[in-house]
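Visitor: Quick one: this structure, given as structure tokens, is what I'll be asking you about.
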Amino acid sequence: MGFRHAGEEGNRFRFVIGDGGPSKIVDVVCSPDATRGLVSAGTVHHIAWRTPDAEQQLRWRGALVGLDYDVSPVMDRNYFESIYFREPGGVLFEIATDPPGFTVDESLEGLGKALKLPPEYEPMRERIEAALPPVND
């Protein structure tokens, strides 16, 4: 993914991209004898990486397919488009585009003011909203 090894301490390995710094550092803890986590609180469901546009995303997809990764087709997620694949340890990786962005269906000033649901969940809106804790401004 373009990261380079920047150091290690015990079983912790640090990788950086670009010049390092916030959002450009990944620490990986190697614990091969640890119990494998189940999908629940405290485990990683997936790691999302961003890419500026569909063109670069397709280059990533081609490179990954060329390395024999099983990569999903491009999926429209309304606010961005995503591809998915699993790294050798089984963690699901996502590469998502920046556009079209979260202002595709509401104004910048209105972001976060209303619950947005995918069309397939709209029939369940009342039940979903009833299950959510209140949010105060």
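Labeling convention for the structure tokens: chains A, B, ... as they appear, residues from 1 per chain, ligands from 1 in order of appearance.
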I'd like the contact shell of region 17-20 of chain A - 6 Å cut-off, only C-alpha atoms, skipping same-chain residues fewer than 3 positions apart - returned as a ChimeraX atom specification.

Guide: /A:3,24-25

Visitor: Only C-alpha atoms, please: the residues just picked out, written as a PDB file, in the first residue's frame.

Guide:
ATOM      1  CA  PHE A   3       4.075   2.261   3.415  1.00  0.00           C
ATOM      2  CA  LYS A  24       0.269   8.585   7.945  1.00  0.00           C
ATOM      3  CA  ILE A  25       1.463   6.057  10.535  1.00  0.00           C
TER       4      ILE A  25
END

Visitor: Please provide the set of residues having any atom within 12 Å of Met1 (chain A), restricted to only C-alpha atoms, with same-chain residues fewer than 3 positions apart removed, written as a ChimeraX atom specification.

Guide: /A:4-5,15-18,24,26,48-51,60-61,63-64,87,93-95

Visitor: From the DSSP assignment of the backbone, select every residue of chain A that is alpha helix (DSSP H), and format the answer as a ChimeraX atom specification.

Guide: /A:54-66,125-131

Visitor: Could you list, as a VMD selection string, every residue within 8 Å of Val71 (chain A), counting only C-alpha atoms and ignoring same-chain residues fewer than 2 positions away?

Guide: chain A and resid 61 64 to 65 69 73 83 to 85

Visitor: Find the residues around Phe102 (chain A) up to 12 Å (only C-alpha atoms counted), leave out those fewer than 4 positions away in its own chain, and share them as a PyMOL selection string.

Guide: chain A and resi 77-80+97-98+106-112+116

Visitor: Contacts of Arg12 (chain A) at 9 Å or less, counting only C-alpha atoms, minus same-chain residues fewer than 5 places along, as a CSV table (one decimal) with N, CA and C atoms, in the first residue's frame?

Guide:
chain,number,residue,atom,x,y,z
A,7,GLY,N,10.5,1.4,11.9
A,7,GLY,CA,11.0,1.0,13.2
A,7,GLY,C,10.2,-0.1,13.8
A,27,ASP,N,0.8,1.3,13.1
A,27,ASP,CA,1.5,0.3,13.9
A,27,ASP,C,0.8,-1.0,13.8
A,28,VAL,N,1.6,-2.1,13.6
A,28,VAL,CA,1.1,-3.4,13.5
A,28,VAL,C,1.7,-4.2,14.6
A,29,VAL,N,0.9,-4.8,15.5
A,29,VAL,CA,1.4,-5.7,16.5
A,29,VAL,C,1.2,-7.1,16.1
A,30,CYS,N,2.4,-7.8,16.1
A,30,CYS,CA,2.4,-9.2,15.6
A,30,CYS,C,2.3,-10.2,16.8

Visitor: So which residues of chain A fall under strand (DSSP E) by DSSP, listed as a ChimeraX atom specification?

Guide: /A:4-9,12-16,25-29,46-51,75-76,81-86,92-97

Visitor: As an exercise, work out the distance from CA of Phe13 (chain A) to CA of Leu58 (chain A) in Å and give it to one decimal place.

Guide: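 Computing the Euclidean distance for CA of Phe13 (chain A) and CA of Leu58 (chain A) yields 29.1 Å.
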
Visitor: Can you tell me, as a PyMOL selection string, what residues are no more than 12 Å from Leu38 (chain A) when counting only C-alpha atoms, ignoring any on the same chain fewer than 5 positions away?

Guide: chain A and resi 43-45+90-91

Visitor: Could those selected residues go to a file with C-alpha atoms, as an mmCIF file, in the first residue's frame?

Guide:
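Writing done, so here's selection-v5.cif:
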data_model
loop_
_atom_site.group_PDB
_atom_site.id
_atom_site.type_symbol
_atom_site.label_atom_id
_atom_site.label_comp_id
_atom_site.auth_asym_id
_atom_site.auth_seq_id
_atom_site.Cartn_x
_atom_site.Cartn_y
_atom_site.Cartn_z
ATOM 1 C CA THR A 43 -12.045 -6.188 16.859
ATOM 2 C CA VAL A 44 -11.401 -4.715 13.433
ATOM 3 C CA HIS A 45 -14.219 -5.169 10.921
ATOM 4 C CA GLY A 90 -7.878 -11.883 6.909
ATOM 5 C CA VAL A 91 -8.620 -8.215 7.672
#

Visitor: Could you please determine the separation between CA of Gly101 (chain A) and CA of Asp53 (chain A) in Å, to one decimal place?

Guide: 11.0 Å

Visitor: Just checking: using only C-alpha atoms, which residue out of A:Ile47, A:Val74, A:Leu115, A:Val135 ends up closest to Arg59 (chain A)?

Guide: A:Val74
